[in-house]
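One structure below.
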Amino acid sequence: MLVKLVTEYSFVLSFLLLVIIAAIVNHNFFSWANVSNIFIQSCTIGLIALGMSMVISAGQIDISVGSQVAFIGGFGVLVLNQTGSVLVMLLFCAITGILIGLLNGVLITKGRMPSIIATLATMAGLRSIINHFGSGGPFTVDRAFYDQFRQIAAGGVNLGAFTIPYFMIIFIVATIIFDVVMKRTRLGKHIYAVGSNEVSARLSGVNVDRVKTATFVITGLMCGIAALLYASRTTAVAASNAAVGFELDAIAAVAIGGTAMTGGRGKIFGTFLGVLMFSIIRNILTAADVSTFLTGAISAAIIIIAVLLQNFQNRRR
Amino acid sequence: MLVEMKDIVVDYGPVRAVNNVSIAIGPGEILGLLGENGAGKSTLMKVLAGVIPPTRGEVVLDGTPTTITNAKVASKSGIRFIHQELNLCTDLKVFENMFLGEELRRPTGLLDTKTMIARCREALGRVQADIDPEAIVADLQAAEKQLVECAKALLFDAELIIMDEPSTALTLGETENLLEVMRKLKAEGVSFIYISHKMPELFAICDRYYVLRDGALVAEGSFSDVDENSITELMIGRQLAHDAFDDHVDTSRPEILLRAENLSGPGFEDVSFELKAGQVLAVTGLQGSGRDQLADALFGAAPFDGTLTVKGRRVRSGTSIRAFMRRGVAMVPRMRKERGIHNDLSIMDNHNMAYLNARARTPWISRSGAAERYERQRKAMSIKAGNVANPITSLSGGNQQKVILGKWLEASADVLLLDNPTQGIDVGTKFEIYHLILGLAREEGDHRLQRGAARDRQGRRRLPRHVQGTRERGPGAQPDHREGLDVLLHRREPAGELTCRSSRLLRPPRPRRRCAGSRPAACSSSWSPSTASCCRSCSW
């Protein structure tokens, strides 16, 4: 059991370690306000990272997620302003996300493009299109719906002493759904199988192209939902710099969560903790007064360290 | 140079690939290294070439113990390993390949192309190859590539050249040419270690032999003292070669499960056969004979022309593998490591994969169902495994293969394609698997298509004469295939009784052109497997 904890669930250990450090640095760390704040900060990246876990487990990568969020978010705000209905906006975001994921998937499977190239292209393309329509500036939610729309990010379920933020609920529920899908359904097993050995998977009757496409479609869907949440939190989607670097954060979270960057192995729970670790690190840095401009460097360092540790563990096996 | 390998042991994880083997080779000597696939030949040679370090033992060159840590050290010591799958960069030119990693440079640091080409031409001259140093390697024939590798070895003053099955992709004429080159180099003092399954070549060129079986050295001696029969027996192991397979396969059931009519595809042509319930049909042929592609086509993993009928219903080329599975076809693929298992997945998940695709009705996974299925197969095949949640790589090769076999049995297939199913498996398990196959064929409703490669045939008496003539290697290829088979099969008389008594012959390919001989009509009717042609004047 202990061996398993060290080898397979090492991300739990790093999580606990980080929590201890955070508690020392920040005396209010365990306060409900702080905890829910961490979840609110984690939710958007978290949803994307869940999708990214699938993509990476299938041996692929999607670096277009940041641009997807900006693209879908920008147009989503326009849809909201036109219709005044959050439901229509959600529908729009979800469908657009699915379509973008489908585009990525088709380019990669039918077009036989390496996933990093295909998503690099969509990353640049989507960002450029949203920049064009927004002239680089923000898409702002109309005053008329502002307060109502803002409630998604700011509100929560009131339980007397606590208020559980919607973001927290969404993130946890999504994690559970992903965990079940990856562990207990055919699709999940197929994703791992494809990431582990594509040839074997094909010869076992797995429709490899369809599985790969599915991971990108699901990631697109998650980007769509994340875009809505992002818009609600910021109430304005700036075309040129919204969600910049999300791909880096999502990949880093997946990496510290113990998912193999080569595919085939990984746990959704790891990604969940990975995302939280990310927010906690930021939390610590804020408390320690480190410049926010350095977060990119921190993400980079985390990816490198996490993957190096993985390699080290694999070599020992 | 005198090369000695002393008490070499190589462990791959829990598997001992080479066990305490000592060999020696002197200057100007050609050594034949024999053994079945998986006997440890390649591993032993990889040690000598510095590809892998030995677990124990040492390599002694001219009396000096030497640690060969990588290919470059080996090359400096005068040892060159020509791999079976040639290590040439096909997009580069011949001379660039030959100097790869050891490019000559001018004092300015730029490449000295002129000298490289000149030296390359000289080396190619020594192996009597008429190849332009500036040709792109992709444009060369297989035989020419082989010669380029030889020339490359000479370029760096190799004194010992290891050749791993160099003639697999060559025609008889090309092989003869290669042997001629080897004789010439031998006279110059270069020694060779020659790995091959083809007896005529070994007897023609080699001085001494070493036979490996299951990682251990079982015999050594001079080729002049033995004949092909006794060598083959040494390779396979006498007691096992005579292990009787007296199972009788009931072939009275008339139901035809799989019918192939004039199947053609990349690498095979015009294959027709019927497979009845309870039959075990063997399809054999050496590498490159089209057997691999045929197996893939029968499982929908490769395109084909012609008519393929499964249980009375026609399946078309391009039908998904899953659809084949649902119609009751299963395939245990060749090259387990690359094509059969999922390294990262647990034993249980590997085992459950086929069921999940072919039979599961819902997308949800039932853990208890999966455990039940695994338990059934574990008992039936006595799989030795610890925790089923461990990765499949924690098992030995034989047990891995049993898990894969079980995976397909649980897909409840009626036709089971076994593509070289005993590759890389220890002898004991190998025979266990043969018995399993026979047992399955006898069972109600089980019908198997056994497709073994050359090495799977020990213990079986009459194999169908097989070999789908393929034309990809040109006319010379066919005698080659037969030769390999003759050696491995027909020249021995094992005591065992065997399985394939009901198998059908695959029809030989039809001549493409009309016969140039005097009696064209004879061509389509009297194809002779022994001469691989229809009449004497016909050379297709």
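Residues are named by chain letter and number: chains run A, B, ... in the order of the structure tokens, numbers start at 1 in each chain, and ligands are numbered from 1 in the order shown.
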- Task: DSSP on the backbone, then: every residue of stretch 136-305 of chain B marked helix (DSSP H, G or I), written as a PyMOL selection string.
- Result: chain B and resi 137-139+142-155+172-187+199-205+223-225+228-236+238-241+291-298
Per residue of chain A within 7 Å of chain B, note the shortest atom pair and the distance in Å to one decimal, counting only C-alpha atoms, and order the rows by chain and increasing residue number, as a Markdown table.
```
| residue | atom | partner | partner_atom | distance |
| --- | --- | --- | --- | --- |
| A:Arg184 | CA | B:Ile365 | CA | 5.1 |
| A:Thr185 | CA | B:Trp364 | CA | 4.4 |
| A:Arg186 | CA | B:Pro363 | CA | 5.0 |
| A:Ala193 | CA | B:His342 | CA | 6.3 |
| A:Ser196 | CA | B:His342 | CA | 5.6 |
| A:Asn197 | CA | B:His342 | CA | 5.5 |
| A:Val199 | CA | B:Arg339 | CA | 5.4 |
| A:Ser200 | CA | B:Arg339 | CA | 4.4 |
| A:Ser204 | CA | B:Ala354 | CA | 5.6 |
| A:Gly205 | CA | B:Arg322 | CA | 4.4 |
| A:Val206 | CA | B:Asn357 | CA | 6.8 |
| A:Gly264 | CA | B:Asp344 | CA | 5.7 |
| A:Arg265 | CA | B:Asp344 | CA | 6.1 |
```
- Item | Distance query B:Asp62 at most 9 Å, only C-alpha atoms, self and fewer than 5 positions along chain excluded, as a PyMOL selection string | chain B and resi 1-4
How about saving the chosen residues, N, CA and C atoms kept, as a CSV table (one decimal), in the first residue's frame?
```
chain,number,residue,atom,x,y,z
B,1,MET,N,42.4,-10.9,-35.7
B,1,MET,CA,42.0,-10.6,-34.3
B,1,MET,C,41.2,-11.8,-33.7
B,2,LEU,N,41.6,-12.2,-32.5
B,2,LEU,CA,40.9,-13.2,-31.8
B,2,LEU,C,39.9,-12.6,-30.9
B,3,VAL,N,38.7,-13.0,-31.1
B,3,VAL,CA,37.6,-12.5,-30.3
B,3,VAL,C,37.0,-13.6,-29.4
B,4,GLU,N,37.0,-13.4,-28.1
B,4,GLU,CA,36.4,-14.4,-27.2
B,4,GLU,C,35.3,-13.7,-26.4
```
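Going from atom CA of A:Gly224 to atom CA of A:Val35 covers 25.3 Å.
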- Using only C-alpha atoms, determine which residues lie at most 7 Å from stretch 89-104 of chain B, disregarding the query and same-chain residues fewer than 4 positions distant; provide the list as a VMD selection string. chain B and resid 111 to 112 116 to 117 120 133 to 138 152
What's the 12 Å shell around B:Leu61, counting only C-alpha atoms, without same-chain residues fewer than 5 positions away, as a compact mmCIF listing (two decimals) with all heavy atoms, in the first residue's frame?
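As written to disk, selection23.txt reads:
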```
# COMPACT_ATOMS: atom_id res chain seq x y z
N MET B 1 42.37 -10.91 -35.69
CA MET B 1 41.99 -10.62 -34.31
C MET B 1 41.25 -11.81 -33.71
O MET B 1 40.39 -12.40 -34.35
CB MET B 1 41.08 -9.38 -34.26
CG MET B 1 40.70 -9.00 -32.85
SD MET B 1 39.86 -7.41 -32.76
CE MET B 1 38.37 -7.76 -33.67
N LEU B 2 41.61 -12.15 -32.53
CA LEU B 2 40.93 -13.24 -31.82
C LEU B 2 39.87 -12.63 -30.88
O LEU B 2 40.21 -11.83 -30.01
CB LEU B 2 41.94 -14.06 -31.02
CG LEU B 2 41.34 -15.20 -30.19
CD1 LEU B 2 40.78 -16.28 -31.09
CD2 LEU B 2 42.37 -15.78 -29.24
N VAL B 3 38.66 -12.99 -31.12
CA VAL B 3 37.58 -12.46 -30.28
C VAL B 3 37.02 -13.58 -29.42
O VAL B 3 36.66 -14.64 -29.93
CB VAL B 3 36.45 -11.87 -31.15
CG1 VAL B 3 35.33 -11.34 -30.27
CG2 VAL B 3 36.98 -10.78 -32.05
N GLU B 4 36.96 -13.35 -28.13
CA GLU B 4 36.38 -14.35 -27.24
C GLU B 4 35.28 -13.71 -26.41
O GLU B 4 35.45 -12.60 -25.92
CB GLU B 4 37.44 -14.92 -26.30
CG GLU B 4 38.50 -15.75 -26.98
CD GLU B 4 39.67 -16.00 -26.04
OE1 GLU B 4 40.48 -15.08 -25.84
OE2 GLU B 4 39.73 -17.10 -25.47
N MET B 5 34.19 -14.42 -26.25
CA MET B 5 33.16 -13.98 -25.31
C MET B 5 33.13 -15.04 -24.22
O MET B 5 32.98 -16.23 -24.52
CB MET B 5 31.80 -13.89 -26.00
CG MET B 5 31.76 -12.89 -27.14
SD MET B 5 30.12 -12.76 -27.86
CE MET B 5 29.30 -11.69 -26.68
N LYS B 6 33.28 -14.60 -23.00
CA LYS B 6 33.39 -15.58 -21.92
C LYS B 6 32.24 -15.49 -20.93
O LYS B 6 31.99 -14.44 -20.35
CB LYS B 6 34.71 -15.36 -21.16
CG LYS B 6 35.92 -15.79 -21.99
CD LYS B 6 37.21 -15.67 -21.20
CE LYS B 6 38.37 -16.21 -22.03
NZ LYS B 6 39.65 -15.78 -21.46
N ALA B 24 34.26 -18.27 -29.28
CA ALA B 24 35.53 -17.69 -29.71
C ALA B 24 35.60 -17.72 -31.22
O ALA B 24 35.05 -18.62 -31.86
CB ALA B 24 36.70 -18.48 -29.11
N ILE B 25 36.23 -16.71 -31.80
CA ILE B 25 36.39 -16.69 -33.25
C ILE B 25 37.74 -16.10 -33.61
O ILE B 25 38.13 -15.06 -33.07
CB ILE B 25 35.23 -15.93 -33.93
CG1 ILE B 25 35.48 -15.83 -35.44
CG2 ILE B 25 35.02 -14.55 -33.33
CD1 ILE B 25 34.29 -15.34 -36.21
N GLY B 26 38.45 -16.79 -34.48
CA GLY B 26 39.78 -16.35 -34.86
C GLY B 26 39.75 -15.55 -36.14
O GLY B 26 38.69 -15.36 -36.74
N PRO B 27 40.90 -15.05 -36.58
CA PRO B 27 40.96 -14.25 -37.81
C PRO B 27 40.67 -15.11 -39.03
O PRO B 27 41.02 -16.29 -39.07
CB PRO B 27 42.40 -13.72 -37.83
CG PRO B 27 43.17 -14.60 -36.90
CD PRO B 27 42.22 -15.16 -35.91
N LEU B 48 28.17 -8.19 -28.15
CA LEU B 48 29.46 -8.05 -28.83
C LEU B 48 29.56 -6.70 -29.53
O LEU B 48 30.64 -6.10 -29.62
CB LEU B 48 29.62 -9.20 -29.83
CG LEU B 48 31.00 -9.42 -30.44
CD1 LEU B 48 32.05 -9.54 -29.35
CD2 LEU B 48 31.00 -10.66 -31.31
N THR B 66 37.87 -6.35 -22.80
CA THR B 66 37.43 -5.04 -23.28
C THR B 66 35.96 -4.85 -22.93
O THR B 66 35.17 -5.77 -23.09
CB THR B 66 37.56 -4.97 -24.82
OG1 THR B 66 38.86 -5.45 -25.18
CG2 THR B 66 37.37 -3.56 -25.32
N THR B 67 35.64 -3.68 -22.45
CA THR B 67 34.23 -3.38 -22.22
C THR B 67 33.73 -2.60 -23.42
O THR B 67 34.19 -1.48 -23.67
CB THR B 67 34.04 -2.54 -20.95
OG1 THR B 67 34.94 -3.05 -19.97
CG2 THR B 67 32.62 -2.64 -20.46
N ILE B 68 32.83 -3.21 -24.15
CA ILE B 68 32.29 -2.53 -25.32
C ILE B 68 31.01 -1.83 -24.89
O ILE B 68 29.98 -2.47 -24.68
CB ILE B 68 32.04 -3.52 -26.46
CG1 ILE B 68 33.37 -4.18 -26.83
CG2 ILE B 68 31.44 -2.83 -27.66
CD1 ILE B 68 33.25 -5.26 -27.86
N ALA B 74 32.77 -0.49 -30.35
CA ALA B 74 32.85 -1.74 -31.10
C ALA B 74 33.52 -1.51 -32.44
O ALA B 74 34.42 -2.24 -32.85
CB ALA B 74 31.45 -2.31 -31.30
N LYS B 76 35.55 0.88 -33.27
CA LYS B 76 36.98 1.18 -33.07
C LYS B 76 37.75 -0.11 -32.82
O LYS B 76 38.92 -0.23 -33.22
CB LYS B 76 37.15 2.12 -31.87
CG LYS B 76 36.81 3.56 -32.17
CD LYS B 76 37.94 4.49 -31.76
CE LYS B 76 37.72 5.88 -32.34
NZ LYS B 76 36.52 6.53 -31.76
N SER B 77 37.09 -1.08 -32.16
CA SER B 77 37.75 -2.34 -31.89
C SER B 77 37.73 -3.27 -33.10
O SER B 77 38.22 -4.38 -33.04
CB SER B 77 37.06 -3.05 -30.72
OG SER B 77 36.79 -2.16 -29.68
N GLY B 78 37.09 -2.81 -34.17
CA GLY B 78 37.08 -3.61 -35.38
C GLY B 78 35.89 -4.54 -35.52
O GLY B 78 35.90 -5.47 -36.29
N ILE B 79 34.85 -4.29 -34.72
CA ILE B 79 33.66 -5.14 -34.80
C ILE B 79 32.50 -4.36 -35.39
O ILE B 79 32.21 -3.24 -34.96
CB ILE B 79 33.27 -5.65 -33.39
CG1 ILE B 79 34.41 -6.49 -32.81
CG2 ILE B 79 31.98 -6.46 -33.45
CD1 ILE B 79 34.23 -6.86 -31.36
N GLU B 159 37.38 -5.99 -38.54
CA GLU B 159 38.04 -7.30 -38.62
C GLU B 159 37.05 -8.41 -38.35
O GLU B 159 37.32 -9.56 -38.62
CB GLU B 159 39.19 -7.36 -37.61
CG GLU B 159 40.32 -6.38 -37.96
CD GLU B 159 41.39 -6.37 -36.90
OE1 GLU B 159 41.99 -7.43 -36.68
OE2 GLU B 159 41.62 -5.31 -36.30
N LEU B 160 35.94 -8.04 -37.74
CA LEU B 160 34.90 -9.02 -37.50
C LEU B 160 33.56 -8.39 -37.89
O LEU B 160 33.19 -7.34 -37.38
CB LEU B 160 34.86 -9.41 -36.01
CG LEU B 160 33.67 -10.29 -35.59
CD1 LEU B 160 33.67 -11.61 -36.32
CD2 LEU B 160 33.68 -10.51 -34.09
```
- Shell around stretch 236-249 of chain A at 10 Å using only C-alpha atoms, local window under 6 positions removed, as a PyMOL selection string: chain A and resi 44-46+48-49+52+61-77+123+127-142+227-228+230+255+274-275+278+295-296+298-300+302-303
- Item | Backbone-only DSSP, strand (DSSP E) members of stretch 156-221 of chain B, as a VMD selection string | chain B and resid 160 to 164 191 to 195 208 to 213 216 to 221
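By only C-alpha atoms, and with residues fewer than 6 positions from A:Ala118 along its chain excluded, the set lying at most 8 Å from it is Asn104, Leu107 and Ile108 of chain A.
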Those residues you just picked out, can you put them in a file as a short mmCIF file (atom, residue, chain, number, x, y, z; two decimals), in the first residue's frame with all heavy atoms?
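So the final result, stored in result.cif, reads:
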```cif
data_model
loop_
_atom_site.label_atom_id
_atom_site.label_comp_id
_atom_site.auth_asym_id
_atom_site.auth_seq_id
_atom_site.Cartn_x
_atom_site.Cartn_y
_atom_site.Cartn_z
N ASN A 104 -10.09 19.92 -35.06
CA ASN A 104 -8.78 19.42 -34.62
C ASN A 104 -8.65 17.92 -34.88
O ASN A 104 -7.67 17.45 -35.44
CB ASN A 104 -8.58 19.68 -33.13
CG ASN A 104 -8.10 21.09 -32.85
OD1 ASN A 104 -7.47 21.71 -33.71
ND2 ASN A 104 -8.40 21.60 -31.67
N LEU A 107 -8.43 17.00 -38.61
CA LEU A 107 -7.11 17.34 -39.16
C LEU A 107 -6.08 16.30 -38.75
O LEU A 107 -5.24 15.87 -39.55
CB LEU A 107 -6.65 18.71 -38.64
CG LEU A 107 -7.35 19.93 -39.24
CD1 LEU A 107 -6.82 21.20 -38.58
CD2 LEU A 107 -7.13 19.98 -40.74
N ILE A 108 -6.17 15.85 -37.50
CA ILE A 108 -5.16 14.94 -36.98
C ILE A 108 -5.35 13.52 -37.51
O ILE A 108 -4.39 12.87 -37.91
CB ILE A 108 -5.20 14.96 -35.43
CG1 ILE A 108 -4.61 16.28 -34.95
CG2 ILE A 108 -4.44 13.78 -34.85
CD1 ILE A 108 -5.05 16.69 -33.58
#
```
- Query: Between B:Glu274, B:Asp214, B:Glu201, B:Asp7, which is the closest to B:Val60 once you count only C-alpha atoms?
  - Reply: B:Asp7
- Query: How many Å separate atom CA of B:Ser412 from atom CA of B:Phe431?
  - Reply: 22.9 Å
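Here the question is which of A:Ala121, A:Met89, A:Leu187, A:Val254 gets nearest to A:Leu103 using only C-alpha atoms, and that residue is A:Ala121.
Among the candidates A:Gly195, A:Pro114, A:Gly263, A:Gly101, the one nearest to A:Thr219 when counting only C-alpha atoms is A:Gly101.
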